[in-house]
>>> print(open('data_39.txt').read())   # compact mmCIF, C-alpha atoms
# COMPACT_ATOMS: atom_id res chain seq x y z
CA THR A 1 -30.64 -157.16 41.04
CA GLN A 2 -30.79 -155.12 44.21
CA PHE A 3 -28.73 -152.33 42.62
CA TYR A 4 -31.21 -151.72 39.80
CA SER A 5 -34.18 -152.17 42.12
CA ARG A 6 -32.83 -149.41 44.37
CA PHE A 7 -32.34 -147.20 41.33
CA ALA A 8 -35.93 -147.87 40.23
CA ILE A 9 -37.25 -147.12 43.72
CA ASP A 10 -35.38 -143.80 43.72
CA ILE A 11 -37.10 -142.77 40.48
CA VAL A 12 -40.57 -143.96 41.51
CA GLU A 13 -40.40 -142.32 44.93
CA ARG A 14 -39.55 -138.94 43.36
CA VAL A 15 -42.50 -139.28 40.99
CA GLN A 16 -44.74 -140.33 43.86
CA ARG A 17 -43.69 -137.48 46.18
CA ALA A 18 -44.30 -134.91 43.45
CA SER A 19 -47.74 -136.38 42.80
CA GLN A 20 -48.64 -136.21 46.47
CA ALA A 21 -47.46 -132.60 46.60
CA GLY A 22 -49.53 -131.71 43.53
CA ARG A 23 -46.56 -130.56 41.45
CA LYS A 24 -44.78 -131.70 38.34
CA CYS A 25 -41.74 -133.97 38.54
CA VAL A 26 -38.92 -132.98 36.19
CA LEU A 27 -36.16 -135.55 35.68
CA ILE A 28 -33.02 -135.68 33.54
CA LEU A 29 -32.53 -139.32 32.55
CA PRO A 30 -29.67 -141.39 31.12
CA VAL A 31 -29.49 -144.40 28.84
CA GLY A 32 -26.89 -146.23 30.89
CA PRO A 33 -27.68 -147.78 33.21
CA VAL A 34 -30.90 -149.12 31.65
CA PRO A 35 -32.20 -152.17 33.62
CA GLN A 36 -33.80 -149.96 36.29
CA TYR A 37 -36.42 -148.66 33.85
CA ALA A 38 -38.30 -151.94 33.38
CA ILE A 39 -38.40 -152.35 37.16
CA ALA A 40 -39.62 -148.77 37.64
CA ALA A 41 -42.35 -149.24 35.01
CA GLU A 42 -43.54 -152.40 36.74
CA MET A 43 -43.67 -150.58 40.09
CA ILE A 44 -45.59 -147.66 38.56
CA ASN A 45 -48.17 -150.03 37.10
CA ARG A 46 -48.51 -151.98 40.33
CA LEU A 47 -48.91 -148.79 42.37
CA ASN A 48 -51.41 -147.35 39.85
CA LEU A 49 -49.21 -144.26 39.88
CA SER A 50 -50.15 -141.69 37.26
CA CYS A 51 -47.14 -140.14 35.53
CA ARG A 52 -49.10 -137.40 33.80
CA HIS A 53 -47.16 -134.89 35.92
CA LEU A 54 -43.79 -136.40 34.94
CA VAL A 55 -41.60 -134.37 32.57
CA THR A 56 -38.44 -136.07 31.33
CA PHE A 57 -35.36 -134.81 29.53
CA ASN A 58 -32.94 -137.40 28.28
CA MET A 59 -29.37 -136.25 28.64
CA ASP A 60 -27.96 -137.33 25.28
CA GLU A 61 -28.51 -138.84 21.85
CA TYR A 62 -26.24 -140.19 19.12
CA ALA A 63 -25.43 -138.10 16.03
CA ASN A 64 -23.71 -138.75 12.71
CA GLU A 65 -20.50 -137.20 11.34
CA ARG A 66 -22.49 -134.10 10.26
CA GLY A 67 -23.83 -133.63 13.77
CA GLU A 68 -27.36 -134.72 12.83
CA THR A 69 -28.97 -136.66 15.66
CA ALA A 70 -30.25 -140.18 15.14
CA PRO A 71 -33.86 -140.55 13.96
CA PRO A 72 -36.01 -141.50 16.96
CA ASP A 73 -37.10 -144.68 15.18
CA TRP A 74 -33.53 -145.94 14.60
CA GLU A 75 -33.15 -149.09 16.67
CA GLY A 76 -29.82 -147.90 18.09
CA SER A 77 -31.12 -144.50 19.21
CA PHE A 78 -31.50 -143.62 22.85
CA ALA A 79 -35.06 -142.51 22.10
CA THR A 80 -35.88 -146.07 20.99
CA SER A 81 -34.13 -147.50 24.04
CA MET A 82 -36.14 -145.31 26.39
CA ARG A 83 -39.44 -146.13 24.73
CA LYS A 84 -38.79 -149.86 24.81
CA SER A 85 -37.25 -150.06 28.28
CA PHE A 86 -39.46 -147.54 30.11
CA PHE A 87 -42.26 -145.52 28.55
CA ALA A 88 -43.92 -148.29 26.52
CA ARG A 89 -43.88 -150.55 29.59
CA ILE A 90 -45.95 -148.09 31.61
CA ARG A 91 -49.69 -148.67 31.33
CA GLU A 92 -51.11 -146.30 28.74
CA ASP A 93 -53.46 -144.52 31.15
CA LEU A 94 -50.54 -143.86 33.53
CA ARG A 95 -47.90 -142.99 30.95
CA PRO A 96 -46.36 -139.48 30.72
CA LEU A 97 -47.78 -137.30 27.98
CA ASP A 98 -45.77 -137.45 24.75
CA ALA A 99 -45.34 -133.68 24.97
CA ASN A 100 -43.57 -134.14 28.31
CA ILE A 101 -40.96 -136.60 27.01
CA HIS A 102 -37.93 -134.78 25.60
CA PHE A 103 -34.79 -135.87 23.77
CA PRO A 104 -31.90 -133.65 22.68
CA THR A 105 -31.55 -133.18 18.93
CA HIS A 106 -29.34 -131.11 16.64
CA ARG A 107 -32.32 -128.78 16.29
CA ASN A 108 -32.99 -128.13 19.99
CA ILE A 109 -29.67 -128.75 21.75
CA ASP A 110 -28.61 -125.09 21.86
CA ALA A 111 -31.78 -124.22 23.80
CA TYR A 112 -32.25 -127.55 25.60
CA HIS A 113 -31.13 -126.05 28.92
CA GLU A 114 -33.76 -123.34 28.51
CA GLN A 115 -36.47 -125.96 27.97
CA ILE A 116 -35.49 -127.57 31.27
CA GLU A 117 -35.44 -124.21 33.03
CA ASP A 118 -38.83 -123.30 31.53
CA GLU A 119 -40.26 -126.38 33.29
CA GLY A 120 -39.03 -125.00 36.60
CA GLY A 121 -35.68 -126.77 36.49
CA ALA A 122 -34.90 -130.43 37.02
CA ASP A 123 -35.76 -132.01 40.35
CA CYS A 124 -33.01 -134.56 39.78
CA CYS A 125 -30.34 -135.31 37.23
CA TYR A 126 -29.69 -139.05 37.04
CA GLY A 127 -26.61 -140.41 35.33
CA GLY A 128 -23.60 -142.66 35.17
CA ILE A 129 -19.89 -142.10 34.57
CA GLY A 130 -18.15 -142.99 31.32
CA TRP A 131 -14.74 -144.60 30.92
CA CYS A 132 -13.15 -141.20 30.18
CA GLY A 133 -15.05 -139.60 33.07
CA HIS A 134 -17.85 -138.16 30.98
CA ILE A 135 -21.34 -137.27 32.18
CA ALA A 136 -23.87 -137.85 29.40
CA PHE A 137 -21.66 -137.38 26.33
CA TRP A 138 -19.93 -134.31 27.74
CA GLU A 139 -16.49 -135.68 26.99
CA SER A 140 -13.13 -135.24 28.70
CA HIS A 141 -11.43 -133.58 25.72
CA LEU A 142 -13.87 -130.66 25.93
CA GLY A 143 -11.86 -129.59 28.96
CA LEU A 144 -9.08 -128.45 26.63
CA GLU A 145 -11.39 -125.64 25.52
CA PHE A 146 -11.77 -124.36 29.09
CA GLY A 147 -8.37 -125.08 30.65
CA ASP A 148 -8.46 -124.15 34.33
CA ASP A 149 -11.49 -121.85 33.96
CA LEU A 150 -13.90 -123.87 36.09
CA ALA A 151 -16.37 -120.98 36.29
CA ALA A 152 -16.83 -120.94 32.51
CA TYR A 153 -16.91 -124.74 32.48
CA ARG A 154 -19.77 -124.84 34.99
CA ARG A 155 -21.78 -122.44 32.80
CA ALA A 156 -21.32 -124.51 29.63
CA HIS A 157 -24.58 -125.98 28.34
CA GLY A 158 -25.52 -128.65 25.83
CA ARG A 159 -24.04 -128.95 22.37
CA ILE A 160 -23.13 -131.39 19.61
CA VAL A 161 -20.03 -133.25 20.75
CA GLU A 162 -17.44 -135.42 19.01
CA LEU A 163 -17.21 -138.67 20.94
CA ASN A 164 -14.01 -139.54 22.75
CA PRO A 165 -12.29 -142.71 21.42
CA MET A 166 -12.66 -144.26 24.88
CA THR A 167 -16.40 -143.65 24.71
CA ILE A 168 -16.60 -145.28 21.30
CA MET A 169 -14.81 -148.36 22.66
CA GLN A 170 -17.03 -148.43 25.76
CA ASN A 171 -20.25 -148.22 23.77
CA ALA A 172 -19.03 -150.74 21.20
CA LEU A 173 -18.51 -153.18 24.05
CA HIS A 174 -21.94 -152.60 25.59
CA THR A 175 -24.26 -152.06 22.65
CA PHE A 176 -22.67 -152.99 19.35
CA SER A 177 -21.17 -156.43 20.02
CA GLY A 178 -17.67 -154.96 20.03
CA ASP A 179 -18.02 -153.48 16.52
CA TRP A 180 -16.77 -149.94 17.03
CA SER A 181 -17.48 -149.09 13.37
CA TRP A 182 -21.18 -149.05 14.29
CA VAL A 183 -20.85 -146.45 17.06
CA PRO A 184 -21.96 -143.01 15.82
CA PRO A 185 -19.08 -140.50 15.95
CA LYS A 186 -20.95 -137.60 17.56
CA ALA A 187 -23.81 -136.91 19.95
CA ALA A 188 -26.08 -134.22 21.32
CA SER A 189 -25.33 -133.88 25.02
CA ILE A 190 -26.23 -131.76 27.99
CA GLY A 191 -23.38 -129.91 29.69
CA PRO A 192 -22.25 -129.05 33.21
CA ARG A 193 -24.87 -126.29 33.46
CA GLU A 194 -27.75 -128.75 33.25
CA VAL A 195 -26.14 -131.22 35.67
CA LEU A 196 -25.32 -128.60 38.30
CA GLY A 197 -28.59 -126.74 37.72
CA ALA A 198 -30.72 -129.65 38.93
CA ARG A 199 -31.93 -129.51 42.52
CA ASP A 200 -30.47 -132.96 43.15
CA ARG A 201 -28.18 -135.48 41.44
CA SER A 202 -28.20 -139.27 41.63
CA PHE A 203 -25.47 -141.24 39.84
CA TRP A 204 -25.34 -144.99 39.42
CA LEU A 205 -22.22 -146.87 38.37
CA ASP A 206 -22.69 -150.45 37.18
CA GLY A 207 -19.61 -150.94 35.00
CA GLU A 208 -18.87 -154.60 35.59
CA CYS A 209 -17.84 -156.68 32.59
CA GLY A 210 -16.43 -160.09 31.79
CA GLY A 211 -15.72 -162.56 34.56
CA PRO A 212 -15.70 -162.12 38.34
CA GLY A 213 -13.66 -159.13 39.50
CA MET A 214 -13.68 -157.44 36.09
CA SER A 215 -14.77 -153.80 35.84
CA TRP A 216 -13.90 -151.10 33.33
CA GLN A 217 -15.29 -148.44 35.68
CA ARG A 218 -13.31 -149.12 38.87
CA PHE A 219 -10.54 -146.58 38.28
CA ILE A 220 -12.61 -143.77 36.81
CA ALA A 221 -15.20 -144.12 39.58
CA ARG A 222 -12.47 -143.26 42.08
CA LEU A 223 -10.88 -140.52 40.00
CA VAL A 224 -14.26 -138.79 39.66
CA ALA A 225 -15.07 -139.07 43.36
CA HIS A 226 -11.64 -138.47 44.91
CA GLY A 227 -9.35 -136.93 42.29
CA PRO A 228 -8.85 -133.21 41.65
CA VAL A 229 -11.81 -131.25 40.33
CA ASN A 230 -10.82 -130.26 36.82
CA THR A 231 -12.23 -129.79 33.35
CA LEU A 232 -10.55 -132.90 31.92
CA VAL A 233 -12.52 -135.20 34.23
CA PRO A 234 -16.12 -134.03 33.68
CA GLY A 235 -17.60 -136.13 36.47
CA SER A 236 -15.30 -134.49 39.01
CA ILE A 237 -17.67 -131.50 39.17
CA LEU A 238 -20.00 -133.73 41.20
CA GLN A 239 -17.62 -133.20 44.13
CA GLU A 240 -18.73 -129.57 44.24
CA THR A 241 -22.39 -130.27 44.89
CA SER A 242 -24.79 -132.70 46.54
CA CYS A 243 -24.87 -136.02 44.73
CA GLY A 244 -25.90 -139.57 45.48
CA TYR A 245 -23.08 -141.80 44.19
CA HIS A 246 -24.13 -145.45 44.00
CA VAL A 247 -21.60 -148.10 43.02
CA LEU A 248 -22.23 -151.73 42.08
CA GLY A 249 -20.18 -154.28 44.02
CA GLY A 250 -17.65 -155.14 41.32
CA VAL A 251 -16.96 -151.45 40.68
CA ALA A 252 -16.43 -150.88 44.40
CA GLN A 253 -13.69 -153.51 44.71
CA ASP A 254 -10.10 -152.33 45.14
CA VAL A 255 -8.11 -151.44 42.06
CA THR A 256 -5.49 -154.19 42.00
CA ILE A 257 -3.10 -155.11 39.21
CA ASP A 258 -1.94 -158.71 39.06
CA PHE A 259 0.63 -159.63 36.42
CA SER A 260 0.89 -163.26 37.48
>>> encode(input="data_39.txt", output="structure tokens")
Amino acid sequence: TQFYSRFAIDIVERVQRASQAGRKCVLILPVGPVPQYAIAAEMINRLNLSCRHLVTFNMDEYANERGETAPPDWEGSFATSMRKSFFARIREDLRPLDANIHFPTHRNIDAYHEQIEDEGGADCCYGGIGWCGHIAFWESHLGLEFGDDLAAYRRAHGRIVELNPMTIMQNALHTFSGDWSWVPPKAASIGPREVLGARDRSFWLDGECGGPGMSWQRFIARLVAHGPVNTLVPGSILQETSCGYHVLGGVAQDVTIDFS
């Protein structure tokens, strides 16, 4: 669709501009949305665009009840999703170096923000917004730890997080055929520091579901963009900085409640 094509173009143009300028391109990437990656890979191949200068950091990864992140070869892992949907689709001679493709794990998450900063910082942090308002898996209940201390909240970096029940339901719907028992209970996730530390942000909301006019994301998209900035709505921090906020048609429709 046009929405995912525009998302793909945004990614490819950043990679292309960095190549033309002779510098690396450092991107923080989500798994959700996903369809843009196949389109971006096709464009990269068609343009003969080398991605050897591309450095990627995925923003999150599932973890078990002990906080151990999913093996990269588990079919449900975000690492597998990224390889299948994006990296493996790029022609081998154009593909980013394996050493430049990063995923958060229970071993590296405490220093993940430093890895990004060591690469010169992220040129752009891409993302979406979860049902509870999360960015990556930085969940709404983490705000209870910070209260009204927004300064400390902005400084908070990645960690192992217990998933919010709303997130488990959301991901069960999208990925696990509604079977919430399959959704891992924890995740490694970047925090506000990594999101705000990027030189640019580009968020894409595609949360349509079911029949015409159905969207789980319609309310939270508005709360994030127009509600008060606070630690219980993680995405609300985007109001404090520059951010492209792209909304699919069904998500953009008015929030109406019809009991008839």
>>> residues_around(input="data_39.txt", residues="Gln239 in chain A", least_positions_apart="6", cutoff="12 Å", atoms="all atoms listed in the file", output="count of residues only")
13
>>> residues_around(input="data_39.txt", residues="Ile160 in chain A", least_positions_apart="3", cutoff="10 Å", atoms="only C-alpha atoms", output="VMD selection string")
chain A and resid 60 to 63 66 to 69 104 to 106 109 to 110 137 to 138 163 186 to 190
>>> residues_near_point(input="data_39.txt", point="(-51.5, -150.4, 36.1)", cutoff="9 Å", atoms="all atoms listed in the file", output="VMD selection string")
chain A and resid 42 to 50 90 to 94
>>> atom_distance(input="data_39.txt", atom1="CA of Pro72 in chain A", atom2="CA of Tyr126 in chain A")
21.2 Å
>>> closest_residue(input="data_39.txt", among="A:Val12, A:Ala21, A:Val183, A:Leu238", to="Asn64 in chain A", atoms="all atoms listed in the file")
A:Val183
>>> closest_residue(input="data_39.txt", among="A:Phe103, A:Phe146, A:Phe3, A:Tyr153", to="Gly250 in chain A", atoms="all atoms listed in the file")
A:Phe3
>>> atom_distance(input="data_39.txt", atom1="CA of Ala172 in chain A", atom2="CA of Gln2 in chain A")
26.2 Å
>>> closest_residue(input="data_39.txt", among="A:Val31, A:Ile257, A:Val247, A:Leu232", to="Leu150 in chain A", atoms="all atoms listed in the file")
A:Leu232
>>> closest_residue(input="data_39.txt", among="A:Ser77, A:Thr231, A:Ser85, A:Gln115", to="Ala151 in chain A", atoms="only C-alpha atoms")
A:Thr231
>>> residues_around(input="data_39.txt", residues="Tyr37 in chain A", least_positions_apart="2", cutoff="12 Å", atoms="all atoms listed in the file", output="VMD selection string")
chain A and resid 4 to 12 29 to 35 39 to 44 81 to 90
>>> atom_distance(input="data_39.txt", atom1="CA of His102 in chain A", atom2="CA of Phe203 in chain A")
20.0 Å
>>> closest_residue(input="data_39.txt", among="A:Phe259, A:Asp179, A:Gln36, A:Glu145", to="Trp204 in chain A", atoms="only C-alpha atoms")
A:Gln36
>>> residues_around(input="data_39.txt", residues="Cys124 in chain A", least_positions_apart="3", cutoff="12 Å", atoms="all atoms listed in the file", output="JSON, numbers by chain")
{"A": [10, 11, 13, 14, 15, 18, 25, 26, 27, 28, 29, 30, 54, 55, 56, 57, 58, 59, 116, 120, 121, 127, 194, 195, 196, 197, 198, 199, 200, 201, 202, 203, 242, 243, 244]}
>>> write_last_selection(input="data_39.txt", atoms="C-alpha atoms", output="short mmCIF file (atom, residue, chain, number, x, y, z; two decimals), in the coordinates of the input")
data_model
loop_
_atom_site.label_atom_id
_atom_site.label_comp_id
_atom_site.auth_asym_id
_atom_site.auth_seq_id
_atom_site.Cartn_x
_atom_site.Cartn_y
_atom_site.Cartn_z
CA ASP A 10 -35.38 -143.80 43.72
CA ILE A 11 -37.10 -142.77 40.48
CA GLU A 13 -40.40 -142.32 44.93
CA ARG A 14 -39.55 -138.94 43.36
CA VAL A 15 -42.50 -139.28 40.99
CA ALA A 18 -44.30 -134.91 43.45
CA CYS A 25 -41.74 -133.97 38.54
CA VAL A 26 -38.92 -132.98 36.19
CA LEU A 27 -36.16 -135.55 35.68
CA ILE A 28 -33.02 -135.68 33.54
CA LEU A 29 -32.53 -139.32 32.55
CA PRO A 30 -29.67 -141.39 31.12
CA LEU A 54 -43.79 -136.40 34.94
CA VAL A 55 -41.60 -134.37 32.57
CA THR A 56 -38.44 -136.07 31.33
CA PHE A 57 -35.36 -134.81 29.53
CA ASN A 58 -32.94 -137.40 28.28
CA MET A 59 -29.37 -136.25 28.64
CA ILE A 116 -35.49 -127.57 31.27
CA GLY A 120 -39.03 -125.00 36.60
CA GLY A 121 -35.68 -126.77 36.49
CA GLY A 127 -26.61 -140.41 35.33
CA GLU A 194 -27.75 -128.75 33.25
CA VAL A 195 -26.14 -131.22 35.67
CA LEU A 196 -25.32 -128.60 38.30
CA GLY A 197 -28.59 -126.74 37.72
CA ALA A 198 -30.72 -129.65 38.93
CA ARG A 199 -31.93 -129.51 42.52
CA ASP A 200 -30.47 -132.96 43.15
CA ARG A 201 -28.18 -135.48 41.44
CA SER A 202 -28.20 -139.27 41.63
CA PHE A 203 -25.47 -141.24 39.84
CA SER A 242 -24.79 -132.70 46.54
CA CYS A 243 -24.87 -136.02 44.73
CA GLY A 244 -25.90 -139.57 45.48
#
>>> residues_around(input="data_39.txt", residues="range 219-221 of chain A", least_positions_apart="4", cutoff="9 Å", atoms="all atoms listed in the file", output="ChimeraX atom specification")
/A:129-133,205,215,225-226,233,235,247,251-252,254-255
